[in-house]
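Pasted below: target-v7.txt, compact mmCIF, C-alpha atoms.
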# COMPACT_ATOMS: atom_id res chain seq x y z
CA MET A 1489 41.61 0.18 21.91
CA ILE A 1490 37.99 0.28 20.81
CA ASN A 1491 36.99 1.25 17.30
CA VAL A 1492 33.91 3.36 16.68
CA ALA A 1493 32.44 3.56 13.18
CA LEU A 1494 30.92 6.93 12.26
CA PHE A 1495 28.12 7.69 9.80
CA GLY A 1496 26.23 10.63 8.32
CA ILE A 1497 26.42 13.89 10.20
CA ALA A 1498 28.47 12.27 13.00
CA ARG A 1499 31.11 11.31 10.45
CA GLU A 1500 31.13 14.88 9.14
CA ILE A 1501 31.37 16.42 12.62
CA VAL A 1502 34.30 14.22 13.61
CA GLY A 1503 35.86 14.54 10.17
CA GLN A 1504 36.66 10.85 9.77
CA SER A 1505 34.77 7.62 9.28
CA SER A 1506 36.05 5.85 12.39
CA LEU A 1507 37.71 6.63 15.68
CA ALA A 1508 40.10 4.50 17.72
CA LEU A 1509 39.90 5.22 21.44
CA PRO A 1510 41.90 3.83 24.37
CA ALA A 1511 39.63 1.32 26.07
CA GLY A 1512 39.65 3.44 29.25
CA GLU A 1513 37.82 6.26 27.51
CA GLY A 1514 34.78 4.15 26.77
CA GLN A 1515 34.31 1.21 29.08
CA SER A 1516 30.58 1.53 28.78
CA VAL A 1517 28.27 3.00 26.15
CA GLY A 1518 27.45 5.90 28.48
CA GLU A 1519 31.11 6.69 29.06
CA LEU A 1520 31.84 6.52 25.34
CA LEU A 1521 29.03 8.99 24.60
CA ALA A 1522 30.26 11.32 27.35
CA THR A 1523 33.81 11.23 25.99
CA LEU A 1524 32.69 11.92 22.41
CA ARG A 1525 30.30 14.72 23.40
CA THR A 1526 33.07 16.43 25.34
CA ARG A 1527 35.54 16.11 22.52
CA TYR A 1528 33.04 17.04 19.75
CA PRO A 1529 30.46 19.41 21.27
CA GLU A 1530 28.51 19.53 18.02
CA LEU A 1531 27.48 15.91 18.62
CA GLY A 1532 25.54 17.16 21.66
CA ARG A 1533 23.41 19.38 19.44
CA LEU A 1534 21.98 16.45 17.45
CA ARG A 1535 18.36 15.41 17.96
CA SER A 1536 19.60 12.06 19.27
CA LEU A 1537 22.79 10.05 19.45
CA ALA A 1538 22.82 6.30 19.96
CA VAL A 1539 25.46 3.61 20.08
CA ALA A 1540 25.18 0.27 18.31
CA VAL A 1541 27.11 -2.75 19.51
CA ASN A 1542 27.24 -5.71 17.13
CA ASN A 1543 24.33 -4.35 15.06
CA GLU A 1544 22.01 -3.77 18.04
CA TYR A 1545 21.19 -0.54 19.82
CA ALA A 1546 22.90 -0.57 23.21
CA GLY A 1547 21.83 1.08 26.46
CA ALA A 1548 24.16 3.37 28.46
CA GLU A 1549 25.16 0.59 30.87
CA VAL A 1550 26.38 -1.88 28.23
CA ALA A 1551 30.10 -2.67 28.56
CA LEU A 1552 32.29 -2.33 25.48
CA HIS A 1553 34.93 -4.82 24.44
CA GLU A 1554 37.77 -4.56 21.95
CA ARG A 1555 36.27 -7.12 19.59
CA ASP A 1556 32.81 -5.47 19.52
CA GLU A 1557 31.65 -3.80 16.36
CA ILE A 1558 30.76 -0.36 17.72
CA ALA A 1559 29.06 2.47 15.79
CA LEU A 1560 27.78 5.93 16.62
CA ILE A 1561 24.23 6.37 15.29
CA PRO A 1562 23.04 9.94 14.70
CA PRO A 1563 19.32 10.49 13.98
CA VAL A 1564 18.34 8.05 11.23
CA SER A 1565 16.35 9.25 8.21
CA GLY A 1566 15.86 6.31 5.90
CA GLY A 1567 12.73 5.50 4.00
CA MET B 691 -41.43 -0.23 -22.17
CA ILE B 692 -38.50 0.08 -19.82
CA ASN B 693 -35.48 -2.15 -20.12
CA VAL B 694 -33.72 -3.45 -17.01
CA ALA B 695 -30.21 -4.92 -17.31
CA LEU B 696 -29.46 -7.82 -14.96
CA PHE B 697 -26.14 -8.93 -13.52
CA GLY B 698 -24.62 -11.59 -11.32
CA ILE B 699 -27.00 -13.51 -9.11
CA ALA B 700 -29.95 -11.33 -10.22
CA ARG B 701 -29.33 -12.41 -13.82
CA GLU B 702 -29.24 -16.04 -12.70
CA ILE B 703 -32.44 -15.73 -10.62
CA VAL B 704 -34.36 -14.16 -13.50
CA GLY B 705 -32.74 -16.46 -16.03
CA GLN B 706 -31.98 -13.75 -18.56
CA SER B 707 -29.66 -10.76 -18.86
CA SER B 708 -32.33 -8.14 -19.34
CA LEU B 709 -36.06 -7.64 -18.81
CA ALA B 710 -38.47 -5.47 -20.78
CA LEU B 711 -41.39 -4.25 -18.67
CA PRO B 712 -44.45 -2.21 -19.58
CA ALA B 713 -43.76 1.29 -18.28
CA GLY B 714 -46.74 1.03 -15.91
CA GLU B 715 -45.06 -1.73 -13.92
CA GLY B 716 -42.13 0.48 -12.97
CA GLN B 717 -42.90 4.17 -12.97
CA SER B 718 -40.52 4.70 -10.08
CA VAL B 719 -37.52 2.79 -8.76
CA GLY B 720 -39.56 1.68 -5.76
CA GLU B 721 -42.36 0.36 -7.94
CA LEU B 722 -39.90 -1.45 -10.19
CA LEU B 723 -38.32 -3.16 -7.18
CA ALA B 724 -41.76 -4.14 -5.82
CA THR B 725 -42.77 -5.61 -9.17
CA LEU B 726 -39.57 -7.61 -9.52
CA ARG B 727 -39.63 -8.89 -5.94
CA THR B 728 -43.19 -10.10 -6.43
CA ARG B 729 -42.39 -11.80 -9.69
CA TYR B 730 -39.04 -13.29 -8.55
CA PRO B 731 -39.29 -13.90 -4.78
CA GLU B 732 -35.67 -15.06 -4.63
CA LEU B 733 -34.59 -11.46 -5.30
CA GLY B 734 -36.07 -10.59 -1.92
CA ARG B 735 -33.67 -12.96 -0.19
CA LEU B 736 -30.58 -11.08 -1.34
CA ARG B 737 -28.55 -9.04 1.15
CA SER B 738 -29.42 -5.91 -0.81
CA LEU B 739 -30.94 -4.95 -4.14
CA ALA B 740 -30.41 -1.55 -5.73
CA VAL B 741 -31.37 0.08 -8.98
CA ALA B 742 -29.00 2.13 -11.11
CA VAL B 743 -30.29 4.75 -13.50
CA ASN B 744 -27.81 6.08 -16.04
CA ASN B 745 -24.85 4.69 -14.07
CA GLU B 746 -25.89 6.21 -10.72
CA TYR B 747 -27.57 4.53 -7.78
CA ALA B 748 -31.16 5.76 -7.64
CA GLY B 749 -33.45 6.20 -4.64
CA ALA B 750 -36.95 4.63 -4.48
CA GLU B 751 -38.67 7.86 -5.49
CA VAL B 752 -36.72 8.36 -8.74
CA ALA B 753 -38.98 8.26 -11.82
CA LEU B 754 -38.02 5.96 -14.68
CA HIS B 755 -38.18 6.89 -18.34
CA GLU B 756 -38.01 4.77 -21.46
CA ARG B 757 -34.65 6.17 -22.55
CA ASP B 758 -32.97 5.63 -19.16
CA GLU B 759 -30.30 2.99 -18.84
CA ILE B 760 -31.68 0.96 -15.94
CA ALA B 761 -29.95 -1.90 -14.14
CA LEU B 762 -30.68 -4.09 -11.16
CA ILE B 763 -27.68 -4.19 -8.80
CA PRO B 764 -27.44 -7.19 -6.45
CA PRO B 765 -24.81 -7.03 -3.64
CA VAL B 766 -21.51 -6.06 -5.26
CA SER B 767 -18.35 -8.01 -4.47
CA GLY B 768 -15.53 -6.50 -6.50
CA GLY B 769 -11.99 -5.96 -5.30
CA MET C 510 11.02 -13.01 3.41
CA LEU C 511 12.98 -10.73 1.08
CA ILE C 512 15.26 -8.20 2.81
CA ASP C 513 17.78 -6.24 0.80
CA LEU C 514 19.92 -3.12 0.85
CA THR C 515 21.20 -2.21 -2.57
CA ASP C 516 22.98 0.59 -4.41
CA GLN C 517 21.23 -0.38 -7.64
CA PRO C 518 17.78 0.76 -8.88
CA ILE C 519 15.00 -1.19 -7.16
CA ASP C 520 12.78 -3.40 -9.33
CA VAL C 521 9.44 -2.52 -7.74
CA ALA C 522 7.52 -5.23 -9.59
CA ALA C 523 9.95 -7.90 -8.39
CA VAL C 524 9.53 -6.79 -4.76
CA LEU C 525 5.74 -6.93 -5.07
CA GLN C 526 5.97 -10.34 -6.67
CA ALA C 527 8.12 -11.56 -3.77
CA ALA C 528 5.29 -10.53 -1.43
CA GLU C 529 2.55 -12.40 -3.26
CA SER C 530 1.14 -15.65 -1.95
CA ASP C 531 -1.61 -17.98 -3.15
CA GLU C 532 -2.90 -18.01 0.43
CA ALA C 533 -3.11 -14.24 0.74
CA GLY C 534 -5.55 -12.20 -1.29
CA ALA C 535 -4.24 -8.79 -0.19
CA VAL C 536 -0.90 -7.22 -0.98
CA ASN C 537 -0.11 -3.75 0.29
CA ALA C 538 2.98 -1.97 -0.92
CA PHE C 539 4.61 1.29 0.06
CA VAL C 540 7.02 2.89 -2.39
CA GLY C 541 9.11 5.84 -1.22
CA THR C 542 10.41 8.01 -4.04
CA VAL C 543 12.61 11.11 -4.14
CA ARG C 544 10.50 14.27 -4.08
CA ASN C 545 11.50 17.48 -5.83
CA ARG C 546 10.63 19.57 -2.75
CA SER C 547 11.23 19.24 0.96
CA GLU C 548 9.79 21.74 3.44
CA GLY C 549 9.50 24.33 0.70
CA ARG C 550 13.02 23.93 -0.69
CA ARG C 551 13.75 22.60 -4.16
CA VAL C 552 15.64 19.31 -3.92
CA VAL C 553 18.20 18.54 -6.63
CA ARG C 554 19.04 14.99 -5.53
CA LEU C 555 19.45 12.83 -2.41
CA HIS C 556 22.34 10.93 -0.92
CA TYR C 557 21.55 7.92 1.25
CA GLU C 558 24.31 6.64 3.49
CA ALA C 559 23.85 3.27 5.19
CA TYR C 560 25.61 1.20 7.83
CA PRO C 561 25.13 -1.96 5.78
CA PRO C 562 25.40 -4.93 8.17
CA MET C 563 23.34 -3.21 10.87
CA ALA C 564 20.85 -1.81 8.35
CA VAL C 565 20.16 -5.28 6.95
CA HIS C 566 19.95 -6.74 10.46
CA GLN C 567 17.51 -4.05 11.60
CA LEU C 568 15.40 -4.35 8.42
CA ARG C 569 15.06 -8.04 9.19
CA ARG C 570 14.16 -7.30 12.83
CA VAL C 571 11.44 -4.88 11.75
CA ALA C 572 10.00 -7.52 9.40
CA GLU C 573 10.10 -10.08 12.22
CA MET C 574 8.37 -7.67 14.62
CA ALA C 575 5.60 -7.27 12.03
CA GLN C 576 5.27 -11.04 11.76
CA GLU C 577 4.90 -11.25 15.54
CA LYS C 578 2.26 -8.51 15.62
CA TRP C 579 0.37 -9.92 12.60
CA PRO C 580 0.69 -13.73 12.63
CA VAL C 581 -1.54 -13.71 9.51
CA LEU C 582 1.28 -12.09 7.55
CA ARG C 583 2.21 -14.42 4.70
CA GLN C 584 5.07 -12.66 2.97
CA VAL C 585 7.20 -9.62 3.71
CA ALA C 586 9.58 -7.92 1.30
CA VAL C 587 11.62 -4.83 2.15
CA VAL C 588 14.26 -3.35 -0.13
CA HIS C 589 16.07 -0.07 0.58
CA ARG C 590 18.43 1.68 -1.77
CA HIS C 591 21.49 3.71 -0.82
CA GLY C 592 23.89 5.93 -2.71
CA THR C 593 22.94 8.95 -4.82
CA LEU C 594 19.33 9.13 -6.00
CA GLU C 595 17.75 11.51 -8.50
CA ILE C 596 14.23 13.00 -8.35
CA GLY C 597 11.63 10.28 -8.92
CA ASP C 598 14.00 7.42 -8.05
CA VAL C 599 12.66 4.73 -5.73
CA ALA C 600 14.37 4.79 -2.33
CA VAL C 601 12.44 2.06 -0.53
CA VAL C 602 9.78 -0.56 -1.19
CA VAL C 603 7.85 -2.42 1.51
CA ALA C 604 5.36 -5.07 0.41
CA VAL C 605 3.35 -7.49 2.54
CA SER C 606 0.61 -10.01 1.93
CA THR C 607 -2.21 -11.08 4.22
CA PRO C 608 -5.47 -12.98 3.72
CA HIS C 609 -7.57 -9.86 4.39
CA ARG C 610 -6.82 -6.33 3.32
CA ALA C 611 -7.03 -4.32 6.55
CA ASP C 612 -4.10 -6.29 7.98
CA SER C 613 -2.01 -5.64 4.87
CA PHE C 614 -2.39 -1.87 5.27
CA ALA C 615 -1.64 -1.95 9.00
CA ALA C 616 1.39 -4.24 8.72
CA CYS C 617 2.90 -2.33 5.79
CA GLN C 618 2.47 0.98 7.61
CA PHE C 619 4.00 -0.46 10.78
CA ILE C 620 7.04 -1.63 8.82
CA ILE C 621 7.74 1.67 7.06
CA ASP C 622 7.07 3.69 10.25
CA THR C 623 9.39 1.49 12.31
CA LEU C 624 12.02 1.32 9.57
CA LYS C 625 12.23 5.12 9.64
CA GLU C 626 12.85 5.04 13.40
CA VAL C 627 15.43 2.30 13.73
CA VAL C 628 17.23 1.40 10.50
CA PRO C 629 20.65 3.05 10.29
CA ILE C 630 20.29 4.87 6.99
CA TRP C 631 20.85 8.61 6.65
CA LYS C 632 19.45 10.94 4.04
CA LYS C 633 21.26 14.07 2.91
CA GLU C 634 19.20 16.42 0.79
CA GLU C 635 21.03 18.40 -1.84
CA TYR C 636 19.59 21.79 -2.78
CA GLU C 637 20.86 24.26 -5.35
CA ASP C 638 22.68 26.11 -2.56
CA GLY C 639 23.78 23.46 -0.08
CA THR C 640 23.04 20.19 1.66
CA VAL C 641 21.30 19.13 4.88
CA TRP C 642 21.28 15.83 6.81
CA VAL C 643 17.55 15.27 7.24
CA SER C 644 16.19 15.30 10.83
CA ALA C 645 19.66 15.54 12.34
CA HIS C 646 18.86 18.54 14.54
CA PRO C 647 15.82 19.29 16.74
CA MET D 881 -5.85 9.78 -13.12
CA LEU D 882 -5.82 6.25 -14.53
CA ILE D 883 -9.13 4.35 -14.31
CA ASP D 884 -9.58 1.10 -16.18
CA LEU D 885 -11.69 -2.03 -16.30
CA THR D 886 -10.07 -4.77 -18.34
CA ASP D 887 -10.45 -8.44 -19.17
CA GLN D 888 -6.70 -8.74 -19.70
CA PRO D 889 -3.98 -9.42 -17.06
CA ILE D 890 -3.14 -6.24 -15.11
CA ASP D 891 0.40 -4.87 -15.44
CA VAL D 892 0.94 -4.00 -11.76
CA ALA D 893 4.18 -2.11 -12.39
CA ALA D 894 2.49 0.09 -15.00
CA VAL D 895 -0.30 0.99 -12.57
CA LEU D 896 2.22 1.92 -9.89
CA GLN D 897 4.17 3.99 -12.38
CA ALA D 898 0.99 5.84 -13.34
CA ALA D 899 0.63 6.82 -9.68
CA GLU D 900 4.14 8.21 -9.27
CA SER D 901 4.77 11.93 -9.18
CA ASP D 902 7.92 14.03 -8.74
CA GLU D 903 5.96 16.09 -6.20
CA ALA D 904 4.91 13.11 -4.10
CA GLY D 905 7.39 11.03 -2.12
CA ALA D 906 4.92 8.37 -1.03
CA VAL D 907 3.14 5.80 -3.17
CA ASN D 908 0.80 3.30 -1.56
CA ALA D 909 -0.57 0.44 -3.59
CA PHE D 910 -3.09 -2.25 -2.85
CA VAL D 911 -3.08 -5.38 -5.00
CA GLY D 912 -5.95 -7.83 -4.68
CA THR D 913 -5.14 -11.33 -5.86
CA VAL D 914 -7.16 -14.53 -6.11
CA ARG D 915 -6.77 -16.63 -2.95
CA ASN D 916 -6.84 -20.41 -2.96
CA ARG D 917 -9.20 -20.46 0.05
CA SER D 918 -12.31 -18.58 1.07
CA GLU D 919 -13.99 -19.14 4.42
CA GLY D 920 -12.38 -22.53 4.67
CA ARG D 921 -13.30 -23.76 1.20
CA ARG D 922 -10.76 -24.48 -1.51
CA VAL D 923 -11.23 -22.08 -4.41
CA VAL D 924 -10.49 -23.36 -7.92
CA ARG D 925 -10.93 -20.06 -9.79
CA LEU D 926 -12.98 -16.89 -9.76
CA HIS D 927 -15.36 -15.31 -12.23
CA TYR D 928 -15.79 -11.53 -12.10
CA GLU D 929 -18.81 -10.09 -13.87
CA ALA D 930 -18.97 -6.32 -14.36
CA TYR D 931 -21.50 -3.77 -15.55
CA PRO D 932 -18.84 -1.97 -17.57
CA PRO D 933 -20.07 1.60 -18.16
CA MET D 934 -21.35 1.97 -14.60
CA ALA D 935 -18.29 0.22 -13.13
CA VAL D 936 -15.92 2.65 -14.86
CA HIS D 937 -18.11 5.60 -13.87
CA GLN D 938 -18.22 4.48 -10.23
CA LEU D 939 -14.47 3.76 -10.14
CA ARG D 940 -13.92 7.33 -11.32
CA ARG D 941 -16.33 8.66 -8.69
CA VAL D 942 -14.51 6.80 -5.93
CA ALA D 943 -11.20 8.27 -7.10
CA GLU D 944 -12.75 11.75 -7.18
CA MET D 945 -14.16 11.28 -3.67
CA ALA D 946 -10.64 10.43 -2.49
CA GLN D 947 -9.27 13.56 -4.14
CA GLU D 948 -11.90 15.64 -2.32
CA LYS D 949 -11.08 14.03 1.04
CA TRP D 950 -7.30 14.25 0.48
CA PRO D 951 -6.54 17.38 -1.56
CA VAL D 952 -2.85 16.45 -1.19
CA LEU D 953 -3.44 13.42 -3.42
CA ARG D 954 -1.24 13.79 -6.48
CA GLN D 955 -2.06 10.76 -8.59
CA VAL D 956 -4.67 8.01 -8.45
CA ALA D 957 -4.66 4.83 -10.50
CA VAL D 958 -7.31 2.12 -10.22
CA VAL D 959 -7.53 -0.90 -12.51
CA HIS D 960 -9.98 -3.75 -12.03
CA ARG D 961 -10.04 -6.94 -14.02
CA HIS D 962 -13.09 -8.97 -14.99
CA GLY D 963 -13.63 -12.36 -16.58
CA THR D 964 -12.23 -15.66 -15.33
CA LEU D 965 -9.22 -15.46 -12.99
CA GLU D 966 -7.00 -18.25 -11.74
CA ILE D 967 -5.40 -18.55 -8.27
CA GLY D 968 -2.72 -15.88 -7.86
CA ASP D 969 -4.08 -13.65 -10.63
CA VAL D 970 -4.36 -9.96 -9.88
CA ALA D 971 -7.99 -8.81 -9.69
CA VAL D 972 -7.52 -5.16 -8.72
CA VAL D 973 -4.76 -2.61 -8.24
CA VAL D 974 -5.20 0.73 -6.48
CA ALA D 975 -2.21 3.09 -6.32
CA VAL D 976 -2.02 6.65 -5.00
CA SER D 977 0.72 9.17 -4.38
CA THR D 978 0.91 11.88 -1.74
CA PRO D 979 3.71 14.08 -0.40
CA HIS D 980 3.66 12.31 2.99
CA ARG D 981 3.15 8.65 3.64
CA ALA D 982 0.29 8.54 6.16
CA ASP D 983 -2.04 10.14 3.61
CA SER D 984 -1.08 7.57 0.98
CA PHE D 985 -2.11 4.69 3.24
CA ALA D 986 -5.38 6.35 4.27
CA ALA D 987 -6.38 7.37 0.73
CA CYS D 988 -5.55 3.98 -0.78
CA GLN D 989 -7.51 2.16 1.92
CA PHE D 990 -10.47 4.51 1.45
CA ILE D 991 -10.49 3.78 -2.29
CA ILE D 992 -10.41 0.00 -2.00
CA ASP D 993 -12.95 -0.01 0.85
CA THR D 994 -15.35 2.24 -1.07
CA LEU D 995 -14.79 0.40 -4.34
CA LYS D 996 -15.93 -2.80 -2.66
CA GLU D 997 -19.14 -1.11 -1.55
CA VAL D 998 -20.24 0.72 -4.68
CA VAL D 999 -18.60 -0.53 -7.88
CA PRO D 1000 -20.90 -2.90 -9.81
CA ILE D 1001 -18.62 -5.90 -10.10
CA TRP D 1002 -19.67 -9.35 -8.90
CA LYS D 1003 -17.44 -12.21 -7.86
CA LYS D 1004 -18.44 -15.83 -8.25
CA GLU D 1005 -16.21 -18.31 -6.47
CA GLU D 1006 -15.79 -21.69 -8.07
CA TYR D 1007 -15.09 -24.63 -5.76
CA GLU D 1008 -14.52 -28.24 -6.67
CA ASP D 1009 -18.20 -28.93 -5.94
CA GLY D 1010 -20.04 -25.80 -6.99
CA THR D 1011 -20.10 -22.03 -7.23
CA VAL D 1012 -21.26 -19.15 -5.00
CA TRP D 1013 -21.88 -15.47 -5.73
CA VAL D 1014 -19.85 -13.84 -2.95
CA SER D 1015 -21.78 -11.81 -0.33
CA ALA D 1016 -25.06 -12.17 -2.22
CA HIS D 1017 -27.03 -13.44 0.77
CA PRO D 1018 -27.12 -12.26 4.40
Could I get this file's structure written as structure tokens?
Amino acid sequence: MINVALFGIAREIVGQSSLALPAGEGQSVGELLATLRTRYPELGRLRSLAVAVNNEYAGAEVALHERDEIALIPPVSGG
Amino acid sequence: MINVALFGIAREIVGQSSLALPAGEGQSVGELLATLRTRYPELGRLRSLAVAVNNEYAGAEVALHERDEIALIPPVSGG
Amino acid sequence: MLIDLTDQPIDVAAVLQAAESDEAGAVNAFVGTVRNRSEGRRVVRLHYEAYPPMAVHQLRRVAEMAQEKWPVLRQVAVVHRHGTLEIGDVAVVVAVSTPHRADSFAACQFIIDTLKEVVPIWKKEEYEDGTVWVSAHP
Amino acid sequence: MLIDLTDQPIDVAAVLQAAESDEAGAVNAFVGTVRNRSEGRRVVRLHYEAYPPMAVHQLRRVAEMAQEKWPVLRQVAVVHRHGTLEIGDVAVVVAVSTPHRADSFAACQFIIDTLKEVVPIWKKEEYEDGTVWVSAHP
């Protein structure tokens, strides 16, 4: 299983603050995003959607591991 | 008589903080500057030398009057 | 370097003081406060949500990027608040010091601009008749 | 608008607070402090001499020029100190508020740049072996 932390509007769309997914549904960042966009179409309407792995932004090709700290990052608006 | 207030390096060059001049020696800003540069050649070596009349910078053609508040402004360096 | 994410009111003077240096004559500071209007709508208050470990890590990275771009940078201090903020509250303070002033303006602006692009903090504006996650949609 | 020339220590936080506005989310502040070096020489302290009535008048004019160039400017605060200052002392604080941040940086930088060109204040640097009126000669 991989755990995905959810924040802001992504947390509200999914309706919970984290998701546990079978590892097969998100072996890479790109696959994880595809899975989530299919399951929660509203995520696809956001201005952007990124994935962070261990506190760094991760490209689509990055492989995900069970021990990684993974988070879905909707458009940020700090400052 | 016109009174000219002196500041900073101009005050040090002249050796006093104000000068009283017969009105004839400075009927205009340009004439005042010419008089002072002749009398205190070191003033001519400054990067710039301006005259303020009643708190505003004044051009060479501005006429000076006894009641004006007149000051010699060497290169400023505030901030 | 002072980097902090806090749910308590920010002491602006303390952040500026952290950025001062005897070697640097110029301190530039940016203070972001909660406005009472946003795109024509009256804002009642703001809610900032953060992903704390990543937010702190990315704040530090932004400060380090600024130090790489401006090796003259002497001190950098960045403090961001999260939680519920009222109108006029300080949400973020960035303060930097450099020997000469032009660099202090450029480095401070770089930090706040980059912070707004990469630091995982999300702002929800509350109006009298609803809420909106800022910049979430195109 | 807060404009002041003082021979007392400047309360930086008070100047920033004077620049805050509920209508303006962005405050930019520039703080000029006394550096321990200038063009390679060790500075012991600084002496600022001012022509007070004209300095205050010109500070106000610079602030008004900024308000003309940036009509979005909500608040402007400029305080300059004169007299003898030690290393680390604050010599000048400029703080402005605008609805959006880019304007706050540009307006604050305009004010400090213009202040340095027109406000009749003179800085004398004291070194261990003498003094120099800054920028007096070409």
Close residues, Met574 of chain C itself excluded, 12 Å, all atoms listed in the file, min 2 positions apart in chain, as a ChimeraX atom specification: /C:567-572,576-580,582,585,616-617,619-620,623-624
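You can rank D:Arg915, D:Arg981, D:Arg921, D:His960 by their closest distance to chain A using only C-alpha atoms, and at the top of that list sits D:Arg981.
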Interatomic distance, atom CA of Asp993 of chain D to atom CA of Val766 of chain B (Å, one decimal): 12.1 Å
Mind dumping a table of every chain C residue within 12 Å of chain B, with the nearest atom pair and its distance in Å to one decimal, using only C-alpha atoms, sorted by chain and rising number, as CSV?
residue,atom,partner,partner_atom,distance
C:Gly534,CA,B:Gly769,CA,9.8
C:Ala535,CA,B:Gly769,CA,9.7
C:Val536,CA,B:Gly769,CA,12.0
C:His609,CA,B:Gly769,CA,11.3
C:Arg610,CA,B:Gly769,CA,10.1
For atom CA of Leu709 of chain B and atom CA of Glu721 of chain B, the interatomic separation in Å (one decimal): 14.9 Å
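Residues in contact with Pro933 of chain D at 12 Å, where only C-alpha atoms are counted and same-chain residues fewer than 4 positions away are skipped, are listed as Ala742, Val743, Asn744, Asn745, Glu746, Glu759, Ile760 and Ala761 of chain B; Ile883, Asp884, Leu885, Thr886, His937, Gln938, Leu939, Arg940, Val999, Pro1000 and Ile1001 of chain D.
From atom CA of Ala538 of chain C back to atom CA of Phe1495 of chain A, the distance works out to 29.0 Å.
Considering only C-alpha atoms, the residue among C:Thr640, C:Val605, C:Glu558, C:Glu573 positioned nearest to Asn537 of chain C is C:Val605.
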Residues of chain C within 7 Å of chain D, counting all atoms listed in the file, as a PyMOL selection string: chain C and resi 522+531-546+596-597+614
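Excluding Leu1524 of chain A itself and any same-chain residue fewer than 3 positions from it, the protein and nucleic acid residues within 10 Å of it, counting all atoms listed in the file, are A:Val1502, A:Leu1507, A:Leu1509, A:Glu1513, A:Gly1514, A:Glu1519, A:Leu1520, A:Leu1521, A:Arg1527, A:Tyr1528, A:Pro1529, A:Glu1530, A:Leu1531, A:Gly1532, A:Leu1560.
Ranking C:Glu548, C:Glu595, C:Val587, C:Val553 by their shortest atom-to-atom distance to Ala527 of chain C, with only C-alpha atoms included, puts C:Val587 first.
Taking all atoms listed in the file into account, those protein, DNA and RNA residues with any atom at most 6 Å away from (-14.4, -22.6, -3.1) amount to D:Arg921, D:Arg922, D:Val923, D:Glu1005, D:Glu1006, D:Tyr1007.
Using only C-alpha atoms, the smallest distance between any of C:Ile519, C:Met563, C:Leu594, C:Val641 and Val1539 of chain A comes from C:Met563.
For Arg1535 of chain A, the residues within 9 Å (counting only C-alpha atoms, excluding itself and residues fewer than 2 positions away along the chain) are A:Gly1532, A:Arg1533, A:Leu1537, A:Pro1562, A:Pro1563, C:Ser644, C:Ala645, C:His646, C:Pro647.
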